[in-house]
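**Q** Let me give you the structure first, and then I'll get to my questions.
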Amino acid sequence: MKMKQIWASLALVAALAGCQEAAQYEPAIYITEAQREPAKIVTITQAGEKATFSVSASQIVGHETHATLQVCPELLEAYNSRYGRTCVLLDEKLYDFEKQEVTIKAGTSVSDEAEIVVKEALQPGTFYCLPMRIVQTDGSMSILDASSTLYLVFRAPVHGKGVYIGSGNKYIVPGFYDQRGQEGTRDLSALPELTLECRVYAKSFQKSDPYISSIMGLEGNVCMRFGDVKIGYDVLQVCKGDYQPAAINAPCATNQWYHVAAVWTRSSLRVYIDGQFITETTHKGETVDISQVQLWNGRGIGFGLGCASNYNGNRPLDGYLAEARVWTRALSASEIANVKDLVIADPQSPDLLAYWKMDASEPASMRESYSGWNLQNKVVDQTGHGYDAYGLSSAPQYLEATW
């Protein structure tokens, strides 16, 4: 028994010694912003605007400490690979980087700011990257490698419009079910993966039963909406049957643009707001059917933008939609972040099934009536696949926006 106690004591001493060794650390120098996030996205609205960042020490320095910074173009490929982006290097003709050395004054732990001044307007729809790294410091502290690099990602704002959605103007997409079985068309009745994403701006939320404001989708087969009787009227929810993940910890506000996304993977249904993963629920490997037409009192809608197909086009959104897209693939978290920041997308992107910018329309001359609906305007599918969206208003209203 005594021998067992001795071995137990030795084990305890060894464990404590190991903990003390693990607790030791080396003070270090690092880029302040990179400690929180390796990439910093900066929106440049006009020439002369700048990005700033600083260098920090993990403890207060006893004497003035300098850190030298350098642009490292060779790191661009690694950044694109890590984040699934297609950034181009910010050309040296487009920026000024005059102060390449920053100073942490004695008695402090954060340096003065380094500045990158962008000299020309940037092209919307393009990411520009400038990888920055600490290459030298004259202090006694080492450089913390994990936070020694910051990727400055520049983008131009995108100016656009969104169309008003309400009881007098909502949209259906007849092509999703009209084209079933046609030669050369995609079978949309059993999709193992799907992504819905758009920009949405709510003027108000439905504050009476059933507390639902529809955004986009096919009721019962993956649709995005605000509210439900089980959650707050301002909560984004994605539904497919009994799978109903809701962003209950991230309610939305009125009079504000959001990028929202629903992603049906082969194992889960995920919810994203403004490029950030919010919540998900797992499923049993079912597929998604967006080719249905569901009838209610003799009328059918199918896939809708701003309306719920099961309820005669009711439960509409009171607000605006823009940049609405359907992908026949589960976009990754980095891809969701990309489309959120870029706003616009290449209409010829692989697996992009339909793309409605919702910033303009034309008269619906070819479909004045469909399944009981008097259709007045048409929003063209940018992909060329023919999945045009048809609305009820002869004079749609628009809201100017900058994203």
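As shown in the structure tokens, the chain order sets the letters A, B, ...; within each chain, residues go from 1, and ligands are also counted from 1 in the order they appear.
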Where does DSSP see strand (DSSP E or B) in region 130-357 of chain A, if you list the residues as a count of residues only?

**A** 106

**Q** Excluding Ser189 (chain A) and any residue of its chain fewer than 6 positions from it, enumerate the residues within 7 Å of it, using only C-alpha atoms, and give them as a PyMOL selection string.

**A** chain A and resi 288-291

**Q** Can you tell me, as a PDB file with N, CA and C atoms, in the first residue's frame, what residues are no more than 9 Å from Arg325 (chain A) when counting only C-alpha atoms, ignoring any on the same chain fewer than 6 positions away?

**A**
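Result written to part.pdb:
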```pdb
ATOM      1  N   THR A 195     -27.706  25.778 -51.976  1.00  0.00           N
ATOM      2  CA  THR A 195     -27.452  27.013 -51.231  1.00  0.00           C
ATOM      3  C   THR A 195     -28.379  28.095 -51.745  1.00  0.00           C
ATOM      4  N   LEU A 196     -29.077  28.755 -50.844  1.00  0.00           N
ATOM      5  CA  LEU A 196     -29.872  29.949 -51.144  1.00  0.00           C
ATOM      6  C   LEU A 196     -29.192  31.126 -50.465  1.00  0.00           C
ATOM      7  N   GLU A 197     -29.029  32.227 -51.184  1.00  0.00           N
ATOM      8  CA  GLU A 197     -28.439  33.413 -50.550  1.00  0.00           C
ATOM      9  C   GLU A 197     -28.932  34.669 -51.230  1.00  0.00           C
ATOM     10  N   CYS A 198     -29.059  35.739 -50.451  1.00  0.00           N
ATOM     11  CA  CYS A 198     -29.541  37.011 -50.994  1.00  0.00           C
ATOM     12  C   CYS A 198     -29.252  38.132 -50.007  1.00  0.00           C
ATOM     13  N   LEU A 352     -23.858  27.605 -60.181  1.00  0.00           N
ATOM     14  CA  LEU A 352     -24.795  28.701 -59.950  1.00  0.00           C
ATOM     15  C   LEU A 352     -26.005  28.462 -60.841  1.00  0.00           C
ATOM     16  N   LEU A 353     -27.114  28.070 -60.237  1.00  0.00           N
ATOM     17  CA  LEU A 353     -28.305  27.684 -60.994  1.00  0.00           C
ATOM     18  C   LEU A 353     -29.078  28.894 -61.477  1.00  0.00           C
ATOM     19  N   ALA A 354     -29.281  29.869 -60.607  1.00  0.00           N
ATOM     20  CA  ALA A 354     -30.068  31.053 -60.953  1.00  0.00           C
ATOM     21  C   ALA A 354     -29.542  32.253 -60.174  1.00  0.00           C
ATOM     22  N   TYR A 355     -29.631  33.428 -60.808  1.00  0.00           N
ATOM     23  CA  TYR A 355     -29.085  34.654 -60.216  1.00  0.00           C
ATOM     24  C   TYR A 355     -29.984  35.814 -60.626  1.00  0.00           C
ATOM     25  N   TRP A 356     -30.702  36.374 -59.649  1.00  0.00           N
ATOM     26  CA  TRP A 356     -31.572  37.529 -59.894  1.00  0.00           C
ATOM     27  C   TRP A 356     -30.989  38.725 -59.139  1.00  0.00           C
ATOM     28  N   LYS A 357     -30.534  39.734 -59.876  1.00  0.00           N
ATOM     29  CA  LYS A 357     -29.967  40.907 -59.220  1.00  0.00           C
ATOM     30  C   LYS A 357     -31.052  41.723 -58.516  1.00  0.00           C
TER      31      LYS A 357
END
```

**Q** Let me make sure I understand: among A:Ser334, A:Gln179, A:Ser54, A:Ser208, which one has the smallest atom-to-atom distance to Ser81 (chain A) if we use only C-alpha atoms?

**A**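 The answer is A:Ser334, which sits nearest to Ser81 (chain A).
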
**Q** Grab the CA of Asp381 (chain A) to CA of Gln237 (chain A) distance for me, in Å with one decimal place.

**A**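 Here the two named atoms are 25.4 Å from each other.
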
**Q** Can you work out which one of A:Met224, A:Ala253, A:Ile231, A:Ala28 has the shortest atom-to-atom distance to Ser204 (chain A), counting only C-alpha atoms?

**A**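 Closest candidate: A:Ala253.
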
**Q** Identify, on the basis of only C-alpha atoms, every residue whose closest approach to region 101-115 of chain A does not exceed 10 Å; exclude the query and any residue fewer than 3 positions from it along the same chain; express the result as an NGL selection string.

**A** :A and (29-32 or 49-70 or 95-98 or 118 or 134 or 136-137 or 139)

**Q** Could you please write out, as a PyMOL selection string, every residue of region 227-374 of chain A that DSSP assigns to helix (DSSP H, G or I)?

**A** chain A and resi 309-311+333-342

**Q** Export, as an mmCIF file, in the first residue's frame, the selected residues with all heavy atoms.

**A**
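Once written, selection.cif looks like this:
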```
data_model
loop_
_atom_site.group_PDB
_atom_site.id
_atom_site.type_symbol
_atom_site.label_atom_id
_atom_site.label_comp_id
_atom_site.auth_asym_id
_atom_site.auth_seq_id
_atom_site.Cartn_x
_atom_site.Cartn_y
_atom_site.Cartn_z
ATOM 1 N N SER A 309 -45.090 29.617 -50.734
ATOM 2 C CA SER A 309 -45.833 28.936 -51.789
ATOM 3 C C SER A 309 -47.052 28.184 -51.297
ATOM 4 O O SER A 309 -48.004 27.985 -52.044
ATOM 5 C CB SER A 309 -44.906 27.954 -52.511
ATOM 6 O OG SER A 309 -44.326 27.059 -51.588
ATOM 7 N N ASN A 310 -47.054 27.730 -50.048
ATOM 8 C CA ASN A 310 -48.176 26.928 -49.562
ATOM 9 C C ASN A 310 -49.397 27.750 -49.188
ATOM 10 O O ASN A 310 -50.456 27.196 -48.934
ATOM 11 C CB ASN A 310 -47.755 26.111 -48.335
ATOM 12 C CG ASN A 310 -47.132 24.796 -48.707
ATOM 13 O OD1 ASN A 310 -47.084 24.448 -49.879
ATOM 14 N ND2 ASN A 310 -46.649 24.062 -47.721
ATOM 15 N N TYR A 311 -49.241 29.044 -49.148
ATOM 16 C CA TYR A 311 -50.294 29.862 -48.553
ATOM 17 C C TYR A 311 -50.765 30.966 -49.479
ATOM 18 O O TYR A 311 -50.892 32.121 -49.086
ATOM 19 C CB TYR A 311 -49.812 30.425 -47.208
ATOM 20 C CG TYR A 311 -49.459 29.320 -46.255
ATOM 21 C CD1 TYR A 311 -48.162 28.842 -46.172
ATOM 22 C CD2 TYR A 311 -50.447 28.699 -45.494
ATOM 23 C CE1 TYR A 311 -47.842 27.791 -45.321
ATOM 24 C CE2 TYR A 311 -50.144 27.648 -44.646
ATOM 25 C CZ TYR A 311 -48.843 27.201 -44.569
ATOM 26 O OH TYR A 311 -48.528 26.152 -43.738
ATOM 27 N N ALA A 333 -18.028 27.812 -45.802
ATOM 28 C CA ALA A 333 -18.076 29.024 -44.981
ATOM 29 C C ALA A 333 -17.273 30.150 -45.620
ATOM 30 O O ALA A 333 -17.695 31.318 -45.607
ATOM 31 C CB ALA A 333 -17.560 28.716 -43.575
ATOM 32 N N SER A 334 -16.109 29.829 -46.188
ATOM 33 C CA SER A 334 -15.296 30.865 -46.816
ATOM 34 C C SER A 334 -15.968 31.400 -48.073
ATOM 35 O O SER A 334 -15.888 32.604 -48.364
ATOM 36 C CB SER A 334 -13.898 30.330 -47.146
ATOM 37 O OG SER A 334 -13.954 29.244 -48.040
ATOM 38 N N GLU A 335 -16.648 30.546 -48.826
ATOM 39 C CA GLU A 335 -17.361 31.000 -50.023
ATOM 40 C C GLU A 335 -18.528 31.907 -49.652
ATOM 41 O O GLU A 335 -18.797 32.904 -50.339
ATOM 42 C CB GLU A 335 -17.843 29.800 -50.832
ATOM 43 C CG GLU A 335 -16.730 29.054 -51.527
ATOM 44 C CD GLU A 335 -17.202 27.795 -52.214
ATOM 45 O OE1 GLU A 335 -18.026 27.059 -51.615
ATOM 46 O OE2 GLU A 335 -16.760 27.525 -53.347
ATOM 47 N N ILE A 336 -19.225 31.577 -48.576
ATOM 48 C CA ILE A 336 -20.310 32.443 -48.100
ATOM 49 C C ILE A 336 -19.754 33.811 -47.718
ATOM 50 O O ILE A 336 -20.326 34.858 -48.050
ATOM 51 C CB ILE A 336 -21.033 31.806 -46.895
ATOM 52 C CG1 ILE A 336 -21.772 30.531 -47.312
ATOM 53 C CG2 ILE A 336 -22.005 32.804 -46.265
ATOM 54 C CD1 ILE A 336 -22.948 30.750 -48.223
ATOM 55 N N ALA A 337 -18.640 33.816 -47.025
ATOM 56 C CA ALA A 337 -18.007 35.092 -46.658
ATOM 57 C C ALA A 337 -17.587 35.863 -47.897
ATOM 58 O O ALA A 337 -17.712 37.095 -47.947
ATOM 59 C CB ALA A 337 -16.804 34.833 -45.749
ATOM 60 N N ASN A 338 -17.113 35.151 -48.914
ATOM 61 C CA ASN A 338 -16.689 35.807 -50.149
ATOM 62 C C ASN A 338 -17.849 36.502 -50.843
ATOM 63 O O ASN A 338 -17.750 37.669 -51.244
ATOM 64 C CB ASN A 338 -16.060 34.785 -51.094
ATOM 65 C CG ASN A 338 -14.689 34.331 -50.645
ATOM 66 O OD1 ASN A 338 -14.089 34.934 -49.766
ATOM 67 N ND2 ASN A 338 -14.210 33.265 -51.234
ATOM 68 N N VAL A 339 -18.958 35.799 -51.047
ATOM 69 C CA VAL A 339 -20.076 36.406 -51.767
ATOM 70 C C VAL A 339 -20.702 37.526 -50.949
ATOM 71 O O VAL A 339 -21.240 38.494 -51.506
ATOM 72 C CB VAL A 339 -21.146 35.361 -52.170
ATOM 73 C CG1 VAL A 339 -20.590 34.381 -53.174
ATOM 74 C CG2 VAL A 339 -21.713 34.627 -50.962
ATOM 75 N N LYS A 340 -20.607 37.420 -49.634
ATOM 76 C CA LYS A 340 -21.113 38.506 -48.797
ATOM 77 C C LYS A 340 -20.292 39.771 -49.031
ATOM 78 O O LYS A 340 -20.833 40.861 -49.211
ATOM 79 C CB LYS A 340 -21.062 38.091 -47.331
ATOM 80 C CG LYS A 340 -21.550 39.178 -46.357
ATOM 81 C CD LYS A 340 -20.411 39.977 -45.785
ATOM 82 C CE LYS A 340 -20.892 41.095 -44.883
ATOM 83 N NZ LYS A 340 -19.789 41.921 -44.354
ATOM 84 N N ASP A 341 -18.963 39.635 -49.040
ATOM 85 C CA ASP A 341 -18.091 40.802 -49.176
ATOM 86 C C ASP A 341 -18.029 41.332 -50.601
ATOM 87 O O ASP A 341 -17.963 42.541 -50.821
ATOM 88 C CB ASP A 341 -16.684 40.470 -48.686
ATOM 89 C CG ASP A 341 -16.621 40.324 -47.176
ATOM 90 O OD1 ASP A 341 -17.356 41.043 -46.491
ATOM 91 O OD2 ASP A 341 -15.846 39.489 -46.684
ATOM 92 N N LEU A 342 -18.028 40.430 -51.592
ATOM 93 C CA LEU A 342 -17.962 40.881 -52.979
ATOM 94 C C LEU A 342 -19.291 41.424 -53.471
ATOM 95 O O LEU A 342 -19.344 42.224 -54.395
ATOM 96 C CB LEU A 342 -17.523 39.721 -53.883
ATOM 97 C CG LEU A 342 -16.026 39.407 -53.898
ATOM 98 C CD1 LEU A 342 -15.749 38.221 -54.809
ATOM 99 C CD2 LEU A 342 -15.214 40.605 -54.362
#
```

**Q** For each of A:Pro316, A:Pro38, A:Pro27, A:Pro363, take the minimum atom-to-atom distance to Pro396 (chain A), counting only C-alpha atoms, then give the residue where this is smallest.

**A**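 Nearest candidate to Pro396 (chain A) out of A:Pro316, A:Pro38, A:Pro27, A:Pro363: A:Pro363.
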
**Q** For Gly125 (chain A), please output as number ranges by chain all residues within 8 Å (counting only C-alpha atoms; exclusion window: fewer than 5 positions along the same chain).

**A** A: 155-156, 158, 342-345

**Q** Using only C-alpha atoms, which of A:Tyr79, A:Tyr233, A:Tyr258, A:Tyr390 sits nearest Tyr272 (chain A)?

**A**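 Looking at the shortest contact to Tyr272 (chain A), the residue is A:Tyr258.
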